[in-house]
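Content type compact mmCIF, C-alpha atoms, from the file final-v7.txt:
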```txt
# COMPACT_ATOMS: atom_id res chain seq x y z
CA MET U 385 3.01 17.47 -8.96
CA ALA U 386 1.37 20.74 -9.93
CA GLY U 387 -1.58 21.86 -11.96
CA THR U 388 -5.27 21.10 -11.96
CA LEU U 389 -6.89 17.81 -12.92
CA LEU U 390 -10.29 17.28 -14.46
CA VAL U 391 -11.62 13.88 -13.46
CA LEU U 392 -14.29 12.06 -15.43
CA ALA U 393 -15.66 8.87 -13.94
CA LEU U 394 -18.20 6.35 -15.18
CA THR U 395 -19.82 4.44 -12.35
CA SER U 396 -22.85 2.26 -11.77
CA PRO U 397 -24.53 1.02 -8.57
CA ALA U 398 -22.69 -1.82 -6.87
CA ARG U 399 -24.24 -5.17 -7.74
CA GLY U 400 -24.93 -7.98 -5.28
CA TYR U 401 -26.23 -11.51 -5.75
CA VAL U 402 -27.43 -14.08 -3.23
CA LEU U 403 -26.09 -17.53 -4.12
CA ASP U 404 -28.32 -19.83 -2.04
CA ASP U 405 -31.86 -20.13 -0.66
CA HIS U 406 -30.78 -19.42 2.93
CA GLN U 407 -28.97 -16.26 1.84
CA ASP U 408 -25.80 -17.50 3.53
CA PHE U 409 -23.58 -16.68 0.56
CA ASP U 410 -23.57 -13.49 -1.46
CA PHE U 411 -21.34 -12.01 -4.12
CA ARG U 412 -20.78 -8.29 -4.74
CA LEU U 413 -18.76 -6.37 -7.27
CA ARG U 414 -17.65 -2.75 -7.25
CA ALA U 415 -15.96 -1.44 -10.38
CA TYR U 416 -15.34 1.88 -12.05
CA THR U 417 -13.35 3.55 -14.80
CA GLU U 418 -11.90 7.01 -14.19
CA ALA U 419 -10.06 9.37 -16.50
CA ALA U 420 -8.09 12.48 -15.54
CA VAL U 421 -7.26 15.28 -17.98
CA ALA U 422 -4.81 18.11 -17.31
CA ALA U 423 -6.67 21.42 -17.07
CA GLU U 424 -3.62 23.69 -17.19
CA LYS U 425 0.07 23.68 -17.97
CA SER U 426 2.27 22.10 -15.32
CA GLU U 427 4.78 24.00 -13.20
CA PRO U 428 8.50 23.89 -14.13
CA GLN U 429 9.35 21.44 -11.34
CA THR U 430 6.84 18.84 -12.58
CA LYS U 431 8.57 15.92 -14.31
CA PRO U 432 7.51 15.04 -16.96
CA SER U 433 5.71 18.22 -17.96
CA ARG U 434 2.16 18.23 -19.32
CA VAL U 435 -0.08 20.55 -21.27
CA PRO U 436 -3.84 21.24 -21.06
CA PHE U 437 -6.26 18.53 -22.19
CA GLN U 438 -3.71 15.72 -22.00
CA LEU U 439 -5.05 12.40 -20.72
CA ILE U 440 -2.82 11.73 -17.72
CA GLU U 441 -4.74 8.91 -16.00
CA HIS U 442 -7.21 6.21 -17.00
CA ARG U 443 -7.75 4.04 -13.94
CA ASN U 444 -9.92 0.92 -14.25
CA PHE U 445 -10.66 -0.52 -10.82
CA PHE U 446 -12.39 -3.74 -9.73
CA ASN U 447 -13.22 -5.10 -6.27
CA PRO U 448 -15.20 -8.40 -6.20
CA GLU U 449 -16.28 -9.65 -2.75
CA LEU U 450 -17.64 -13.00 -1.56
CA ASP U 451 -19.19 -13.33 1.91
CA GLY U 452 -20.31 -16.59 3.48
CA LYS U 453 -22.11 -17.53 6.70
CA LEU U 454 -21.09 -21.02 7.85
CA THR U 455 -22.83 -21.08 11.23
CA ARG U 456 -25.54 -23.55 10.23
CA TYR U 457 -22.99 -25.92 8.68
CA GLN U 458 -20.37 -26.11 11.49
CA PRO U 459 -20.21 -28.76 14.27
CA PHE U 460 -18.32 -26.60 16.80
CA HIS U 461 -21.37 -24.93 18.43
CA LEU U 462 -20.00 -21.47 17.72
CA ASP U 463 -22.36 -18.51 17.86
CA ASP U 464 -21.06 -17.33 14.50
CA LEU U 465 -18.72 -18.69 11.83
CA SER U 466 -18.27 -16.76 8.61
CA PHE U 467 -15.68 -15.80 6.00
CA ARG U 468 -14.89 -13.08 3.50
CA LEU U 469 -12.82 -13.12 0.30
CA ALA U 470 -12.20 -9.93 -1.67
CA LEU U 471 -9.85 -9.08 -4.53
CA TRP U 472 -8.47 -5.62 -5.35
CA GLY U 473 -6.94 -4.58 -8.62
CA PHE U 474 -6.63 -1.84 -11.17
CA TYR U 475 -5.16 -1.12 -14.57
CA ASP U 476 -3.99 2.34 -15.63
CA GLY U 477 -4.06 2.52 -19.40
CA ILE U 478 -1.93 5.64 -19.91
CA TYR U 479 1.17 3.45 -20.18
CA ASP U 480 -0.30 1.64 -23.20
CA TYR U 481 -2.38 4.31 -24.96
CA GLY U 482 -3.15 8.02 -24.80
CA THR U 483 -0.25 10.27 -23.90
CA GLY U 484 3.04 8.38 -23.90
CA GLN U 485 5.10 10.78 -21.80
CA TYR U 486 4.97 8.69 -18.62
CA ALA U 487 5.95 5.47 -20.38
CA ARG U 488 8.83 7.33 -22.03
CA ALA U 489 9.81 8.89 -18.70
CA ILE U 490 10.02 5.43 -17.08
CA GLU U 491 12.15 4.12 -19.94
CA SER U 492 14.45 7.14 -19.69
CA LEU U 493 15.25 6.65 -15.98
CA GLN U 494 19.00 6.10 -15.66
CA GLY U 495 19.25 5.78 -11.88
CA ARG U 496 19.14 2.28 -10.43
CA LEU U 497 15.86 1.61 -8.57
CA SER U 498 15.98 -1.44 -6.30
CA GLN U 499 14.75 -2.87 -3.00
CA GLY U 500 15.92 -5.43 -0.48
CA HIS U 501 15.81 -6.55 3.15
CA THR U 502 19.29 -5.56 4.35
CA ASN U 503 21.19 -2.30 4.81
CA THR U 504 23.87 -3.47 2.39
CA GLY U 505 21.66 -4.88 -0.37
CA PRO U 506 23.11 -2.70 -3.18
CA ILE U 507 26.67 -3.41 -2.03
CA THR U 508 26.31 -7.19 -1.63
CA HIS U 509 24.26 -7.35 -4.85
CA THR U 510 21.30 -8.98 -3.06
CA ASP U 511 18.83 -6.25 -4.00
CA THR U 512 15.97 -6.67 -6.50
CA LEU U 513 15.26 -4.19 -9.26
CA ILE U 514 11.97 -2.29 -9.02
CA ASP U 515 9.82 -2.17 -12.14
CA PRO U 516 8.14 1.28 -12.01
CA ARG U 517 5.66 0.31 -14.69
CA LYS U 518 4.32 -2.61 -12.65
CA GLU U 519 4.01 -0.44 -9.55
CA TYR U 520 1.97 2.22 -11.34
CA GLU U 521 0.16 0.26 -14.05
CA TYR U 522 -1.39 -2.51 -11.93
CA GLN U 523 0.52 -2.90 -8.60
CA PRO U 524 1.06 -6.63 -7.93
CA ASP U 525 0.35 -8.40 -4.64
CA PRO U 526 3.12 -7.55 -2.14
CA VAL U 527 3.11 -10.92 -0.32
CA LEU U 528 2.04 -13.76 -2.61
CA GLY U 529 4.73 -15.10 -4.91
CA GLY U 530 7.74 -13.13 -6.05
CA TYR U 531 7.74 -9.47 -6.98
CA GLY U 532 5.24 -8.85 -9.77
CA ASP U 533 3.95 -12.42 -10.04
CA VAL U 534 0.30 -11.74 -9.09
CA PRO U 535 -1.19 -8.77 -11.02
CA PHE U 536 -3.84 -8.05 -8.37
CA ARG U 537 -4.11 -8.14 -4.59
CA ILE U 538 -6.00 -10.51 -2.34
CA ASN U 539 -7.39 -7.61 -0.38
CA GLU U 540 -9.31 -9.56 2.26
CA ALA U 541 -9.27 -13.26 3.06
CA TYR U 542 -10.32 -14.04 6.62
CA VAL U 543 -12.49 -16.24 8.82
CA ASN U 544 -14.64 -14.90 11.69
CA SER U 545 -15.68 -16.89 14.74
CA THR U 546 -17.70 -15.82 17.77
CA LYS U 547 -18.33 -17.69 21.01
CA GLY U 548 -20.00 -15.76 23.81
CA PRO U 549 -18.12 -12.50 24.41
CA LEU U 550 -15.08 -13.54 22.34
CA PHE U 551 -14.69 -12.62 18.65
CA VAL U 552 -11.68 -13.82 16.62
CA ARG U 553 -10.75 -12.95 13.03
CA VAL U 554 -7.84 -14.68 11.27
CA GLY U 555 -6.51 -13.80 7.82
CA ARG U 556 -5.77 -10.82 5.62
CA GLN U 557 -7.70 -7.84 6.95
CA ALA U 558 -7.53 -4.11 7.62
CA ILE U 559 -7.20 -2.60 11.10
CA SER U 560 -8.46 0.97 11.40
CA TRP U 561 -8.51 2.47 14.88
CA GLY U 562 -8.07 6.15 14.05
CA GLU U 563 -10.89 6.24 11.50
CA SER U 564 -11.51 9.20 9.20
CA ASP U 565 -13.59 10.00 6.13
CA THR U 566 -10.68 11.73 4.39
CA ILE U 567 -7.07 11.92 5.63
CA GLY U 568 -6.55 9.50 8.53
CA LEU U 569 -3.95 11.27 10.67
CA LEU U 570 -4.11 8.61 13.40
CA ASP U 571 -5.05 5.74 11.07
CA ALA U 572 -1.59 4.16 10.86
CA ASN U 573 -2.13 0.51 11.83
CA ASN U 574 -2.00 -0.52 8.17
CA PRO U 575 0.17 0.89 5.37
CA PHE U 576 -1.34 2.97 2.57
CA ASN U 577 -0.80 3.08 -1.16
CA LEU U 578 0.97 6.43 -1.63
CA THR U 579 1.52 6.18 -5.39
CA LEU U 580 -1.68 8.19 -6.01
CA GLY U 581 -0.76 11.01 -3.66
CA VAL U 582 -2.32 11.65 -0.26
CA PRO U 583 -4.90 8.96 0.70
CA GLY U 584 -8.36 10.44 1.00
CA VAL U 585 -7.65 13.21 -1.54
CA PHE U 586 -6.83 11.57 -4.88
CA GLN U 587 -7.90 8.08 -3.80
CA ASP U 588 -10.60 6.75 -1.49
CA ILE U 589 -8.99 6.10 1.88
CA ASP U 590 -10.41 2.56 2.18
CA GLU U 591 -9.19 1.81 -1.33
CA ALA U 592 -5.71 3.10 -0.46
CA ARG U 593 -5.38 1.09 2.78
CA ILE U 594 -3.31 -2.10 2.38
CA PRO U 595 -4.60 -5.02 4.52
CA LEU U 596 -2.16 -7.35 6.30
CA TRP U 597 -2.20 -11.01 7.36
CA THR U 598 -3.41 -10.59 10.92
CA LEU U 599 -4.69 -12.43 14.00
CA ARG U 600 -7.26 -10.23 15.74
CA GLY U 601 -9.40 -10.79 18.82
CA THR U 602 -12.08 -8.75 20.64
CA TYR U 603 -13.55 -9.51 24.06
CA ASN U 604 -16.71 -7.78 25.32
CA LEU U 605 -16.01 -6.86 28.95
CA PHE U 606 -19.45 -5.70 30.09
CA GLU U 607 -22.62 -4.09 28.77
CA SER U 608 -23.06 -1.40 31.42
CA TRP U 609 -21.11 -0.14 34.42
CA GLY U 610 -22.01 3.30 35.71
CA PRO U 611 -21.59 5.85 32.88
CA ILE U 612 -19.66 3.34 30.72
CA SER U 613 -21.39 0.90 28.39
CA SER U 614 -20.38 -1.59 25.69
CA ALA U 615 -16.81 -1.87 26.99
CA TYR U 616 -14.39 -4.13 25.13
CA ALA U 617 -10.73 -5.10 24.86
CA GLU U 618 -9.14 -5.72 21.46
CA ALA U 619 -5.71 -6.93 20.35
CA TYR U 620 -4.08 -7.90 17.07
CA LEU U 621 -0.83 -9.40 15.80
CA VAL U 622 0.72 -9.24 12.32
CA PRO U 623 3.48 -11.90 12.39
CA GLY U 624 6.63 -10.43 10.91
CA SER U 625 7.66 -13.85 9.62
CA ILE U 626 4.61 -13.78 7.30
CA ASP U 627 3.87 -10.16 6.40
CA THR U 628 6.10 -7.07 6.59
CA THR U 629 4.38 -5.14 3.80
CA VAL U 630 5.01 -1.40 3.86
CA SER U 631 3.77 1.46 1.70
CA PRO U 632 5.23 1.40 -1.82
CA LEU U 633 7.68 4.24 -2.33
CA PRO U 634 6.45 6.87 -4.85
CA LEU U 635 8.95 6.95 -7.71
CA PRO U 636 10.05 10.03 -9.66
CA LYS U 637 8.68 10.76 -13.15
CA ALA U 638 6.54 7.59 -13.28
CA SER U 639 3.09 9.13 -12.81
CA PRO U 640 1.24 12.46 -12.61
CA TYR U 641 1.15 11.78 -8.86
CA SER U 642 4.92 11.22 -8.56
CA PRO U 643 6.90 13.53 -6.26
CA PRO U 644 8.37 16.58 -8.04
CA GLN U 645 11.82 15.02 -8.35
CA ASP U 646 14.07 14.32 -11.28
CA ASP U 647 15.87 11.11 -12.20
CA PRO U 648 18.13 10.08 -9.25
CA GLN U 649 21.01 9.99 -11.72
CA SER U 650 20.73 13.77 -12.07
CA LEU U 651 22.28 14.07 -8.59
CA VAL U 652 25.66 13.35 -10.18
CA ALA U 653 25.77 16.85 -11.66
CA GLY U 654 25.45 18.35 -8.17
CA LEU U 655 27.98 16.01 -6.58
CA ILE U 656 30.76 16.03 -9.17
CA PRO U 657 31.62 18.93 -11.50
CA ALA U 658 31.39 17.98 -15.16
CA SER U 659 35.07 18.74 -15.77
CA ILE U 660 36.18 16.35 -13.02
CA GLY U 661 33.67 13.70 -14.06
CA GLN U 662 34.88 13.64 -17.65
CA SER U 663 38.61 13.96 -16.99
CA LEU U 664 39.07 11.83 -13.84
CA VAL U 665 36.02 9.80 -12.79
CA LYS U 666 34.97 8.40 -16.15
CA PRO U 667 38.45 7.22 -17.23
CA ALA U 668 39.09 5.65 -13.80
CA LEU U 669 35.70 4.20 -12.88
CA GLY U 670 33.66 4.29 -16.07
CA GLY U 671 31.23 6.76 -14.53
CA ILE U 672 29.06 6.86 -11.41
CA LEU U 673 25.57 5.39 -11.18
CA ILE U 674 23.19 6.76 -8.54
CA GLY U 675 20.91 4.15 -7.00
CA LEU U 676 17.65 4.66 -5.11
CA TYR U 677 17.42 1.67 -2.76
CA VAL U 678 14.33 0.87 -0.68
CA HIS U 679 15.28 -0.95 2.52
CA LEU U 680 12.33 -3.23 3.32
CA PRO U 681 11.80 -4.80 6.76
CA SER U 682 13.05 -8.38 6.88
CA ARG U 683 10.50 -11.13 7.47
CA THR U 684 11.32 -12.00 11.07
CA LEU U 685 9.20 -12.19 14.22
CA GLY U 686 11.14 -9.20 15.52
CA ASN U 687 9.41 -7.09 12.86
CA SER U 688 5.92 -8.14 13.94
CA ARG U 689 3.26 -5.46 14.26
CA TYR U 690 0.79 -5.57 17.13
CA GLY U 691 -1.63 -3.46 19.10
CA PHE U 692 -3.95 -3.38 22.11
CA ARG U 693 -7.04 -1.25 22.65
CA LEU U 694 -9.63 -0.62 25.37
CA GLY U 695 -12.85 1.07 24.33
CA GLY U 696 -16.42 1.82 25.25
CA ILE U 697 -19.21 4.41 25.22
CA VAL U 698 -19.22 7.10 27.91
CA ALA U 699 -22.47 8.78 28.96
CA ARG U 700 -24.27 7.04 26.07
CA ASP U 701 -22.96 9.55 23.53
CA TYR U 702 -19.15 9.54 23.48
CA THR U 703 -17.27 6.69 21.86
CA THR U 704 -13.93 6.53 23.68
CA SER U 705 -10.88 4.33 23.29
CA ILE U 706 -7.24 4.20 24.33
CA TRP U 707 -4.67 2.14 22.48
CA PHE U 708 -1.05 1.24 21.92
CA TYR U 709 0.33 -0.25 18.71
CA ARG U 710 3.58 -0.90 16.86
CA THR U 711 3.80 -0.32 13.12
CA PHE U 712 6.04 0.95 10.31
CA ALA U 713 5.98 4.56 9.17
CA ASN U 714 4.27 5.24 5.84
CA GLN U 715 7.01 7.65 4.79
CA PRO U 716 10.52 6.11 4.77
CA VAL U 717 13.56 7.88 6.22
CA PRO U 718 16.12 8.90 3.55
CA ARG U 719 19.74 7.88 4.11
CA PHE U 720 22.90 7.97 2.01
CA LEU U 721 25.18 4.97 1.55
CA ALA U 722 28.85 5.24 0.73
CA LEU U 723 30.34 4.88 -2.74
CA ASP U 724 30.44 1.22 -3.77
CA LEU U 725 33.58 0.40 -5.76
CA SER U 726 32.82 -3.33 -5.92
CA ARG U 727 30.78 -2.78 -9.09
CA CYS U 728 33.71 -1.06 -10.78
CA MET U 729 35.78 -3.11 -13.23
CA GLY U 730 38.07 -0.69 -14.98
CA SER U 731 36.18 1.54 -17.36
CA ARG U 732 33.50 -0.93 -18.43
CA THR U 733 31.08 -0.77 -15.50
CA SER U 734 29.95 1.92 -13.12
CA SER U 735 30.39 2.27 -9.41
CA ALA U 736 27.18 2.95 -7.51
CA PRO U 737 26.54 4.98 -4.40
CA ALA U 738 23.04 4.10 -3.24
CA ARG U 739 20.55 6.35 -1.53
CA ALA U 740 18.53 4.20 0.82
CA SER U 741 15.01 4.62 2.15
CA SER U 742 14.29 2.45 5.16
CA ALA U 743 11.06 1.87 7.06
CA ASN U 744 11.68 1.72 10.79
CA PRO U 745 9.25 0.38 13.40
CA SER U 746 7.33 3.00 15.37
CA THR U 747 4.65 2.97 18.03
CA GLY U 748 1.44 4.91 18.36
```
Please lay out the structure from this file as structure tokens.
Amino acid sequence: MAGTLLVLALTSPARGYVLDDHQDFDFRLRAYTEAAVAAEKSEPQTKPSRVPFQLIEHRNFFNPELDGKLTRYQPFHLDDLSFRLALWGFYDGIYDYGTGQYARAIESLQGRLSQGHTNTGPITHTDTLIDPRKEYEYQPDPVLGGYGDVPFRINEAYVNSTKGPLFVRVGRQAISWGESDTIGLLDANNPFNLTLGVPGVFQDIDEARIPLWTLRGTYNLFESWGPISSAYAEAYLVPGSIDTTVSPLPLPKASPYSPPQDDPQSLVAGLIPASIGQSLVKPALGGILIGLYVHLPSRTLGNSRYGFRLGGIVARDYTTSIWFYRTFANQPVPRFLALDLSRCMGSRTSSAPARASSANPSTG
């Protein structure tokens, strides 16, 4: 991506409403519409190209939230019992109106874009095709239902309970230990939406963070001990059998925020000279199809994410913590798979070497 963007946004103050006399339930809604216009001509490597004053983004975002305090209604004698439900969704209108270059670019992609949970998905034909338009136009929920079934995300859905020094939160939630106002270099507990570029630059970092189905607990160790106060221990677990969501892979040519790459199929020209492709490969195999395959973590307990943290305040002024956690990298590792001749049937279908991107567990 290159060039300068002019961003015009229409916003209004967030609205909140109390739903009962005790003020135990309240509803809030945050929404905005944002348009981006190209301010200058794009660089040669930008695909597709753009010219000044083109509308290249019209993002309509909504984030309704419902909070409830259930302490007065529960028979368990807990100090606190509450819940939170929040949805997250957007619609980018440039694929339906305005400039049509990105919709045409998606339709013109010839490389095979797919994802799956095994190393051999493209070879065993167990991969699932990726719909670039869904990923960039409204981004469906990554866990609920099949791919693309739910056109928004249940961003938060959890229950809080507190008894004495113990706090427990169960449900879909965000974990942020390396907090930052812009780019979170150490904030890697949860994946981020990378389809709008670097989180914290082109998109609010909290809006870009993708919550996970998590069991989280915090225990207050002591209030004061020498120079240390408000000490606590915290741990969380994201069961891999339930949620192995990773950052969606930015796709070429699909958006003004796409990486400056061409159609994966264009790699054929660099791998096989045109003379050989026309005289030998095409008559024998029917051509070669390049595939970009995203290797997703399988939903097994072995792919669970977890972390442990000790924290407190030192000398009344310095918030200090030490932690260990296991997660998946936001940026996948590119790999190349061998030529797959199983898709070749004479000259009628193409063989497909697949370039894989896999997310491997890492610790921090």
Exercise. Kindly give the distance, in Å, that separates atom CA of U:Glu424 and atom CA of U:Lys518, rounded to a single decimal.
Key: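 Calculated distance between atom CA of U:Glu424 and atom CA of U:Lys518 is 27.8 Å.
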Quiz item: Of the candidates U:Lys637, U:Arg553, U:Arg719, U:Arg683, which shows the shortest atom-to-atom distance to U:Gly495, using only C-alpha atoms?
Solution: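 Smallest distance to U:Gly495 is found for U:Lys637.
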Quiz prompt | U:Glu441 surroundings by all atoms listed in the file, 6 Å radius, close-in-sequence under 5 positions cut, as a list in words | solution =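 Residues meeting the cut-off are Ala419, Ala420 and Ile478 of chain U.
For the set U:Pro611, U:Gly581, U:Gly477, U:Pro575, the residue with the smallest atom-to-atom gap to U:Pro526 is U:Pro575, counting only C-alpha atoms.
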Quiz item: Restricting the calculation to all atoms listed in the file, which member of U:Leu469, U:Ala638, U:Leu651, U:Ala699 is positioned closest to U:Ala489?
Solution: U:Ala638
Quiz item: Counting all atoms listed in the file, which of U:Pro428, U:Pro524, U:Pro516, U:Gly482 gets nearest to U:Pro636?
Solution: U:Pro516
Quiz item: Which residue out of U:Leu493, U:Leu605, U:Val554, U:Ile697 has the minimum interatomic distance to U:Glu618 when all atoms listed in the file are used?
Solution: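 For U:Glu618, the nearest of the given residues is U:Leu605.
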Quiz item: U:Ile626: which residues within 9 Å, counting all atoms listed in the file, same-chain residues fewer than 5 positions away excluded, as an MDAnalysis selection string?
Solution: chainID U and resid 527 597 683:685 688
Quiz item: Looking at U:Ser560, U:Asn573, U:Thr508, U:Asn503, which one is nearest to U:Val678, with distances taken over only C-alpha atoms?
Solution: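 Nearest candidate to U:Val678 out of U:Ser560, U:Asn573, U:Thr508, U:Asn503: U:Asn503.
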Quick one: residues within 10 Å of U:Arg537, all atoms listed in the file counted, chain neighbours fewer than 3 positions away excluded, as a PDB file with C-alpha atoms, keeping the file's coordinate frame?
```pdb
ATOM      1  CA  ASN U 447     -13.220  -5.100  -6.270  1.00  0.00           C
ATOM      2  CA  ALA U 470     -12.200  -9.930  -1.670  1.00  0.00           C
ATOM      3  CA  LEU U 471      -9.850  -9.080  -4.530  1.00  0.00           C
ATOM      4  CA  TRP U 472      -8.470  -5.620  -5.350  1.00  0.00           C
ATOM      5  CA  GLY U 473      -6.940  -4.580  -8.620  1.00  0.00           C
ATOM      6  CA  PHE U 474      -6.630  -1.840 -11.170  1.00  0.00           C
ATOM      7  CA  TYR U 522      -1.390  -2.510 -11.930  1.00  0.00           C
ATOM      8  CA  GLN U 523       0.520  -2.900  -8.600  1.00  0.00           C
ATOM      9  CA  PRO U 524       1.060  -6.630  -7.930  1.00  0.00           C
ATOM     10  CA  ASP U 525       0.350  -8.400  -4.640  1.00  0.00           C
ATOM     11  CA  PRO U 526       3.120  -7.550  -2.140  1.00  0.00           C
ATOM     12  CA  VAL U 527       3.110 -10.920  -0.320  1.00  0.00           C
ATOM     13  CA  LEU U 528       2.040 -13.760  -2.610  1.00  0.00           C
ATOM     14  CA  VAL U 534       0.300 -11.740  -9.090  1.00  0.00           C
ATOM     15  CA  GLU U 540      -9.310  -9.560   2.260  1.00  0.00           C
ATOM     16  CA  ILE U 594      -3.310  -2.100   2.380  1.00  0.00           C
ATOM     17  CA  PRO U 595      -4.600  -5.020   4.520  1.00  0.00           C
TER      18      PRO U 595
END
```
Quiz item: What separation in Å, quoted to one decimal, exists between atom CA of U:Pro432 and atom CA of U:Ser492?
Solution: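 Atom CA of U:Ser492 lies at a distance of 10.9 Å from atom CA of U:Pro432.
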Practice problem: Give as a PyMOL selection string the set of residues within 7 Å of the point (2.8, -7.3, 2.4), where distances use the file's coordinates and only C-alpha atoms. | Solution: chain U and resi 526-527+596+627-630
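For the pair atom CA of U:Arg496 and atom CA of U:Asn687, the interatomic distance is 26.9 Å.
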Self-check item: stretch 702-714 of chain U surroundings by only C-alpha atoms, 10 Å radius, close-in-sequence under 6 positions cut, as a ChimeraX atom specification
Solution: /U:561-562,572-578,612-622,628-633,681,687-696,742-748
What would stretch 615-631 of chain U look like with N, CA and C atoms in place, written as a PDB file, keeping the file's coordinate frame?
```
ATOM      1  N   ALA U 615     -18.270  -1.884  26.857  1.00  0.00           N
ATOM      2  CA  ALA U 615     -16.810  -1.870  26.990  1.00  0.00           C
ATOM      3  C   ALA U 615     -16.213  -3.135  26.375  1.00  0.00           C
ATOM      4  N   TYR U 616     -15.032  -2.994  25.794  1.00  0.00           N
ATOM      5  CA  TYR U 616     -14.390  -4.130  25.130  1.00  0.00           C
ATOM      6  C   TYR U 616     -12.869  -3.967  25.198  1.00  0.00           C
ATOM      7  N   ALA U 617     -12.181  -5.083  25.007  1.00  0.00           N
ATOM      8  CA  ALA U 617     -10.730  -5.100  24.860  1.00  0.00           C
ATOM      9  C   ALA U 617     -10.412  -5.773  23.527  1.00  0.00           C
ATOM     10  N   GLU U 618      -9.473  -5.212  22.794  1.00  0.00           N
ATOM     11  CA  GLU U 618      -9.140  -5.720  21.460  1.00  0.00           C
ATOM     12  C   GLU U 618      -7.628  -5.771  21.301  1.00  0.00           C
ATOM     13  N   ALA U 619      -7.140  -6.794  20.621  1.00  0.00           N
ATOM     14  CA  ALA U 619      -5.710  -6.930  20.350  1.00  0.00           C
ATOM     15  C   ALA U 619      -5.527  -7.564  18.983  1.00  0.00           C
ATOM     16  N   TYR U 620      -4.382  -7.279  18.368  1.00  0.00           N
ATOM     17  CA  TYR U 620      -4.080  -7.900  17.070  1.00  0.00           C
ATOM     18  C   TYR U 620      -2.582  -8.140  16.955  1.00  0.00           C
ATOM     19  N   LEU U 621      -2.230  -9.062  16.064  1.00  0.00           N
ATOM     20  CA  LEU U 621      -0.830  -9.400  15.800  1.00  0.00           C
ATOM     21  C   LEU U 621      -0.663  -9.653  14.312  1.00  0.00           C
ATOM     22  N   VAL U 622       0.316  -8.983  13.704  1.00  0.00           N
ATOM     23  CA  VAL U 622       0.720  -9.240  12.320  1.00  0.00           C
ATOM     24  C   VAL U 622       2.089  -9.909  12.386  1.00  0.00           C
ATOM     25  N   PRO U 623       2.178 -11.226  12.244  1.00  0.00           N
ATOM     26  CA  PRO U 623       3.480 -11.900  12.390  1.00  0.00           C
ATOM     27  C   PRO U 623       4.477 -11.410  11.346  1.00  0.00           C
ATOM     28  N   GLY U 624       5.619 -10.937  11.825  1.00  0.00           N
ATOM     29  CA  GLY U 624       6.630 -10.430  10.910  1.00  0.00           C
ATOM     30  C   GLY U 624       7.239 -11.507  10.033  1.00  0.00           C
ATOM     31  N   SER U 625       7.135 -12.767  10.440  1.00  0.00           N
ATOM     32  CA  SER U 625       7.660 -13.850   9.620  1.00  0.00           C
ATOM     33  C   SER U 625       6.773 -14.131   8.412  1.00  0.00           C
ATOM     34  N   ILE U 626       5.552 -13.565   8.399  1.00  0.00           N
ATOM     35  CA  ILE U 626       4.610 -13.780   7.300  1.00  0.00           C
ATOM     36  C   ILE U 626       4.420 -12.522   6.466  1.00  0.00           C
ATOM     37  N   ASP U 627       4.249 -11.374   7.122  1.00  0.00           N
ATOM     38  CA  ASP U 627       3.870 -10.160   6.400  1.00  0.00           C
ATOM     39  C   ASP U 627       4.590  -8.950   6.991  1.00  0.00           C
ATOM     40  N   THR U 628       5.459  -8.335   6.202  1.00  0.00           N
ATOM     41  CA  THR U 628       6.100  -7.070   6.590  1.00  0.00           C
ATOM     42  C   THR U 628       5.864  -6.014   5.511  1.00  0.00           C
ATOM     43  N   THR U 629       4.707  -6.080   4.874  1.00  0.00           N
ATOM     44  CA  THR U 629       4.380  -5.140   3.800  1.00  0.00           C
ATOM     45  C   THR U 629       4.396  -3.710   4.308  1.00  0.00           C
ATOM     46  N   VAL U 630       5.019  -2.823   3.551  1.00  0.00           N
ATOM     47  CA  VAL U 630       5.010  -1.400   3.860  1.00  0.00           C
ATOM     48  C   VAL U 630       4.500  -0.642   2.636  1.00  0.00           C
ATOM     49  N   SER U 631       4.272   0.639   2.800  1.00  0.00           N
ATOM     50  CA  SER U 631       3.770   1.460   1.700  1.00  0.00           C
ATOM     51  C   SER U 631       4.765   1.486   0.557  1.00  0.00           C
TER      52      SER U 631
END
```
